[in-house]
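Student: My file is work_15.pdb. It has PDB, C-alpha atoms:
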```
ATOM      1  CA  MET A 234      62.383  53.587   7.161
ATOM      2  CA  THR A 235      59.901  53.732  10.013
ATOM      3  CA  THR A 236      57.438  50.953  10.725
ATOM      4  CA  PRO A 237      53.908  52.044   9.826
ATOM      5  CA  PRO A 238      51.132  51.675  12.400
ATOM      6  CA  LEU A 239      49.338  48.351  12.493
ATOM      7  CA  HIS A 240      46.410  48.277  10.078
ATOM      8  CA  PRO A 241      43.123  48.172  12.086
ATOM      9  CA  ALA A 242      42.050  44.929  10.365
ATOM     10  CA  LEU A 243      45.076  43.212  11.948
ATOM     11  CA  GLU A 244      44.181  44.022  15.566
ATOM     12  CA  PRO A 245      42.907  40.457  16.256
ATOM     13  CA  LEU A 246      46.306  39.147  15.033
ATOM     14  CA  ALA A 247      48.450  41.809  16.755
ATOM     15  CA  ASP A 248      49.958  39.316  19.233
ATOM     16  CA  LEU A 249      51.606  37.499  16.300
ATOM     17  CA  VAL A 250      53.607  40.518  15.102
ATOM     18  CA  GLY A 251      57.292  39.821  15.782
ATOM     19  CA  SER A 252      59.498  36.730  15.967
ATOM     20  CA  PHE A 253      59.085  33.536  17.975
ATOM     21  CA  GLU A 254      61.600  30.734  18.448
ATOM     22  CA  GLY A 255      61.497  27.341  20.095
ATOM     23  CA  ASP A 256      61.556  23.581  19.762
ATOM     24  CA  GLY A 257      59.387  21.159  17.869
ATOM     25  CA  VAL A 258      58.871  17.471  17.245
ATOM     26  CA  GLY A 259      57.980  15.811  13.948
ATOM     27  CA  ASP A 260      56.495  12.394  13.413
ATOM     28  CA  TYR A 261      54.763  10.657  10.518
ATOM     29  CA  PRO A 262      54.063   7.031   9.546
ATOM     30  CA  THR A 263      56.595   7.182   6.669
ATOM     31  CA  ILE A 264      59.538   8.601   8.705
ATOM     32  CA  GLU A 265      61.244   8.360  12.083
ATOM     33  CA  ARG A 266      60.448  10.856  14.841
ATOM     34  CA  PHE A 267      62.711  13.932  14.803
ATOM     35  CA  ASP A 268      63.371  17.087  16.807
ATOM     36  CA  TYR A 269      63.864  20.523  15.320
ATOM     37  CA  ARG A 270      64.449  24.138  16.258
ATOM     38  CA  GLU A 271      62.251  26.789  14.636
ATOM     39  CA  ARG A 272      61.844  30.503  14.174
ATOM     40  CA  ILE A 273      58.731  32.185  12.761
ATOM     41  CA  THR A 274      58.294  35.860  12.026
ATOM     42  CA  PHE A 275      55.124  37.815  11.305
ATOM     43  CA  GLU A 276      55.713  41.297   9.945
ATOM     44  CA  HIS A 277      53.355  44.106   8.971
ATOM     45  CA  VAL A 278      53.889  46.876   6.443
ATOM     46  CA  GLY A 279      50.805  49.014   7.026
ATOM     47  CA  LYS A 280      48.480  46.947   4.818
ATOM     48  CA  PRO A 281      45.799  44.516   6.097
ATOM     49  CA  VAL A 282      48.163  41.527   5.797
ATOM     50  CA  LEU A 283      51.021  39.971   7.780
ATOM     51  CA  ALA A 284      54.095  38.676   5.954
ATOM     52  CA  TYR A 285      55.108  35.262   7.323
ATOM     53  CA  GLU A 286      58.462  33.479   7.316
ATOM     54  CA  GLN A 287      59.337  30.145   8.903
ATOM     55  CA  ARG A 288      62.654  28.310   9.122
ATOM     56  CA  THR A 289      63.639  25.131  10.912
ATOM     57  CA  TRP A 290      67.033  23.597  11.584
ATOM     58  CA  ASP A 291      68.566  20.544  13.201
ATOM     59  CA  PRO A 292      69.122  21.455  16.877
ATOM     60  CA  GLY A 293      72.385  19.483  17.084
ATOM     61  CA  ALA A 294      74.063  20.168  13.756
ATOM     62  CA  GLY A 295      72.485  23.559  13.035
ATOM     63  CA  THR A 296      71.797  22.546   9.423
ATOM     64  CA  PRO A 297      68.649  23.863   7.683
ATOM     65  CA  MET A 298      65.665  21.503   7.539
ATOM     66  CA  HIS A 299      62.700  23.431   6.107
ATOM     67  CA  GLY A 300      61.540  26.887   5.166
ATOM     68  CA  GLU A 301      58.366  28.556   3.996
ATOM     69  CA  ARG A 302      57.125  32.072   3.320
ATOM     70  CA  GLY A 303      53.702  33.538   2.847
ATOM     71  CA  TYR A 304      50.999  35.925   3.931
ATOM     72  CA  LEU A 305      48.316  35.818   6.596
ATOM     73  CA  ARG A 306      45.319  38.059   6.167
ATOM     74  CA  PRO A 307      42.006  38.540   7.892
ATOM     75  CA  ALA A 308      39.055  38.230   5.530
ATOM     76  CA  GLY A 309      36.284  39.546   7.805
ATOM     77  CA  ASP A 310      33.978  38.035  10.425
ATOM     78  CA  GLY A 311      36.700  35.870  12.012
ATOM     79  CA  HIS A 312      37.684  34.342   8.660
ATOM     80  CA  VAL A 313      41.434  34.188   7.918
ATOM     81  CA  GLU A 314      43.451  33.203   4.833
ATOM     82  CA  LEU A 315      47.052  31.966   4.685
ATOM     83  CA  THR A 316      49.122  31.572   1.521
ATOM     84  CA  VAL A 317      52.425  29.691   1.829
ATOM     85  CA  ALA A 318      55.230  28.643  -0.536
ATOM     86  CA  HIS A 319      57.424  25.765   0.682
ATOM     87  CA  VAL A 320      61.053  25.169  -0.276
ATOM     88  CA  PHE A 321      60.269  21.641  -1.509
ATOM     89  CA  GLY A 322      57.904  22.728  -4.292
ATOM     90  CA  ILE A 323      54.359  23.119  -2.998
ATOM     91  CA  THR A 324      52.162  26.119  -2.413
ATOM     92  CA  GLU A 325      49.194  26.200  -0.060
ATOM     93  CA  LEU A 326      46.087  28.289   0.211
ATOM     94  CA  GLN A 327      44.565  27.714   3.626
ATOM     95  CA  GLU A 328      41.393  29.197   5.027
ATOM     96  CA  GLY A 329      39.953  29.072   8.479
ATOM     97  CA  THR A 330      38.811  30.880  11.568
ATOM     98  CA  LEU A 331      40.245  33.028  14.322
ATOM     99  CA  GLU A 332      38.546  32.768  17.692
ATOM    100  CA  THR A 333      39.301  32.909  21.396
ATOM    101  CA  GLY A 334      40.161  29.517  22.870
ATOM    102  CA  GLN A 335      38.918  28.138  26.186
ATOM    103  CA  ASP A 336      42.197  29.228  27.812
ATOM    104  CA  GLY A 337      41.685  32.844  26.664
ATOM    105  CA  ARG A 338      44.441  32.629  24.036
ATOM    106  CA  SER A 339      43.750  33.259  20.358
ATOM    107  CA  LEU A 340      43.032  30.154  18.305
ATOM    108  CA  LEU A 341      43.666  30.043  14.574
ATOM    109  CA  ARG A 342      42.349  26.957  12.722
ATOM    110  CA  LEU A 343      43.379  26.599   9.072
ATOM    111  CA  GLY A 344      42.943  23.935   6.402
ATOM    112  CA  SER A 345      44.108  23.779   2.812
ATOM    113  CA  THR A 346      41.551  24.648   0.172
ATOM    114  CA  CYS A 347      44.062  24.515  -2.697
ATOM    115  CA  LEU A 348      47.544  23.003  -3.083
ATOM    116  CA  GLY A 349      49.940  23.668  -5.937
ATOM    117  CA  VAL A 350      52.352  20.773  -6.341
ATOM    118  CA  ALA A 351      55.388  20.958  -8.651
ATOM    119  CA  THR A 352      56.113  17.839 -10.716
ATOM    120  CA  THR A 353      59.227  17.188  -8.583
ATOM    121  CA  ALA A 354      57.526  17.882  -5.220
ATOM    122  CA  LYS A 355      56.304  15.413  -2.623
ATOM    123  CA  ALA A 356      52.739  14.182  -3.187
ATOM    124  CA  VAL A 357      51.127  16.253  -0.416
ATOM    125  CA  GLY A 358      47.335  16.067  -0.587
ATOM    126  CA  ARG A 359      46.222  18.266   2.326
ATOM    127  CA  VAL A 360      47.657  20.369   5.162
ATOM    128  CA  SER A 361      45.891  21.641   8.301
ATOM    129  CA  ARG A 362      47.240  23.853  11.098
ATOM    130  CA  VAL A 363      46.092  24.993  14.503
ATOM    131  CA  LEU A 364      47.931  27.882  16.172
ATOM    132  CA  ARG A 365      47.281  28.916  19.770
ATOM    133  CA  PHE A 366      48.913  32.230  20.616
ATOM    134  CA  ASP A 367      49.196  35.225  22.880
ATOM    135  CA  ALA A 368      51.737  38.051  23.129
ATOM    136  CA  ASP A 369      54.559  35.780  24.370
ATOM    137  CA  ARG A 370      53.961  32.285  22.998
ATOM    138  CA  VAL A 371      52.841  30.369  19.908
ATOM    139  CA  ASP A 372      51.938  26.669  20.087
ATOM    140  CA  TYR A 373      50.999  24.866  16.917
ATOM    141  CA  ASP A 374      50.100  21.504  15.467
ATOM    142  CA  LEU A 375      50.226  20.571  11.797
ATOM    143  CA  TRP A 376      48.544  17.644  10.052
ATOM    144  CA  MET A 377      49.336  16.425   6.551
ATOM    145  CA  ALA A 378      48.045  13.933   4.000
ATOM    146  CA  TYR A 379      50.950  12.561   1.977
ATOM    147  CA  ALA A 380      51.110   9.845  -0.694
ATOM    148  CA  ASP A 381      48.804   7.018   0.525
ATOM    149  CA  VAL A 382      48.675   8.233   4.143
ATOM    150  CA  PRO A 383      45.431  10.054   5.076
ATOM    151  CA  GLU A 384      45.629  13.324   7.007
ATOM    152  CA  THR A 385      47.767  12.534  10.065
ATOM    153  CA  HIS A 386      49.446  14.627  12.769
ATOM    154  CA  HIS A 387      52.964  15.598  11.648
ATOM    155  CA  LEU A 388      54.439  18.524  13.650
ATOM    156  CA  ALA A 389      54.057  20.200  17.043
ATOM    157  CA  ALA A 390      56.062  23.081  18.489
ATOM    158  CA  THR A 391      56.129  25.665  21.248
ATOM    159  CA  LEU A 392      57.743  28.978  20.327
ATOM    160  CA  TRP A 393      58.520  31.977  22.556
ATOM    161  CA  ARG A 394      58.775  35.661  21.600
ATOM    162  CA  VAL A 395      62.344  36.720  20.833
ATOM    163  CA  SER A 396      61.720  40.256  19.567
TER     164      SER A 396
END
```
Would you encode the structure as structure tokens?
Tutor:
Amino acid sequence: MTTPPLHPALEPLADLVGSFEGDGVGDYPTIERFDYRERITFEHVGKPVLAYEQRTWDPGAGTPMHGERGYLRPAGDGHVELTVAHVFGITELQEGTLETGQDGRSLLRLGSTCLGVATTAKAVGRVSRVLRFDADRVDYDLWMAYADVPETHHLAATLWRVS
């Protein structure tokens, strides 16, 4: 099967198409600081949406730590929507903006507008992400509100194109 051409609506996100891998650091008031290795992939299928997959693992042991899948889609006039399902039982709908940052790289700012939380899932109340990217690199930060802790920085990573 051949890869269809990129849908014109995805041109502002074209630098994300492919896979990126690198190292990250997690921290939160309820846990100890930790390091992780990560791979994200954005894939297109000819429609005005990118399929998204993320996996992290312990850099020493190689054991899985987290995973999520979803879809990123432009919604017009610099507005972007991200839907994500996490392995630990929550779903997110995030909305935000895509713009050019001061460094000339693309800047995607997203915040949750709706969270679905399974009865056995962690009590996550909000998630926000900022991705800075170009054709070779993705840097991101993630903030989370969990239990009684207000929205606080949780993850940061730098990922480099691998495909």
Student: From the list A:Leu348, A:Leu343, A:Ala354, A:Ala390, which residue is nearest Val320 of chain A when using only C-alpha atoms?
Tutor: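 Among the listed residues, A:Ala354 lies closest to Val320 of chain A.
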Student: Find, counting only C-alpha atoms, the residue in A:Arg342, A:Glu384, A:Asp372, A:Glu328 that gets nearest to Val360 of chain A.
Tutor: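 Checking each of A:Arg342, A:Glu384, A:Asp372, A:Glu328 against Val360 of chain A, counting only C-alpha atoms, the winner is A:Glu384.
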Student: Expand the PyMOL selection byres ((chain A and resi 336-339) around 12) into the explicit residue set it covers here, and present it as number ranges by chain.
Tutor: A: 244-249, 311, 330-335, 340-342, 363-373
Student: Nearest to Phe253 of chain A among A:Arg362, A:Lys280, A:His312, A:Arg272, with distances taken over all atoms listed in the file: which residue is it?
Tutor: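 Going through A:Arg362, A:Lys280, A:His312, A:Arg272 one by one, the smallest distance to Phe253 of chain A is for A:Arg272.
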Student: Excluding same-chain residues fewer than 4 positions from His277 of chain A, what lies within 9 Å of it counting all atoms listed in the file, as a list in words?
Tutor: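 The residues satisfying every condition are Thr236, Pro237, Pro238, Leu239, His240, Leu243, Val250, Gly251, Pro281, Val282, Leu283 and Ala284 of chain A.
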Student: To verify the selection step, state as a ChimeraX atom specification which residues the PyMOL selection byres ((chain A and resi 291-306) around 10) yields on this input.
Tutor: /A:242-243,246,256-257,267-277,280-290,307-309,312-321,323-328
Student: In Å, rounded to a single decimal, give me how far atom CA of Ser361 of chain A is from atom CA of Thr385 of chain A.
Tutor: 9.5 Å
Student: Near Ala378 of chain A, counting all atoms listed in the file, which residues have an atom at most 6 Å away, once you skip same-chain residues fewer than 6 positions from it, shown as a ChimeraX atom specification?
Tutor: /A:357-359,384
Student: Determine the residue set returned by the PyMOL selection byres ((chain A and resi 259) around 10) for the present structure, and present it as number ranges by chain.
Tutor: A: 257-258, 260-261, 264-269, 374-375, 386-390
Student: Return the single residue from A:Thr235, A:Asp381, A:Ser252, A:Gly349 that is closest to Trp393 of chain A, with distances computed using only C-alpha atoms.
Tutor: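 Using only C-alpha atoms, the shortest distance to Trp393 of chain A belongs to A:Ser252.
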Student: Compare A:Gly329, A:Gly322, A:Pro383, A:Trp376 by their minimum atom-to-atom distance to Thr353 of chain A, counting all atoms listed in the file, and give me the closest one.
Tutor: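 Answer, going by the shortest atom-to-atom distance: A:Gly322.
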Student: Around all the atoms of segment 271-284 of chain A listed in the file, draw an axis-aligned box and extend it by 4 Å on each of the six sides; I want its centre and edge lengths in Å to one decimal, as AutoDock Vina command-line options.
Tutor:
```
--center_x 54.0 --center_y 37.9 --center_z 9.7 --size_x 24.5 --size_y 30.2 --size_z 17.8
```
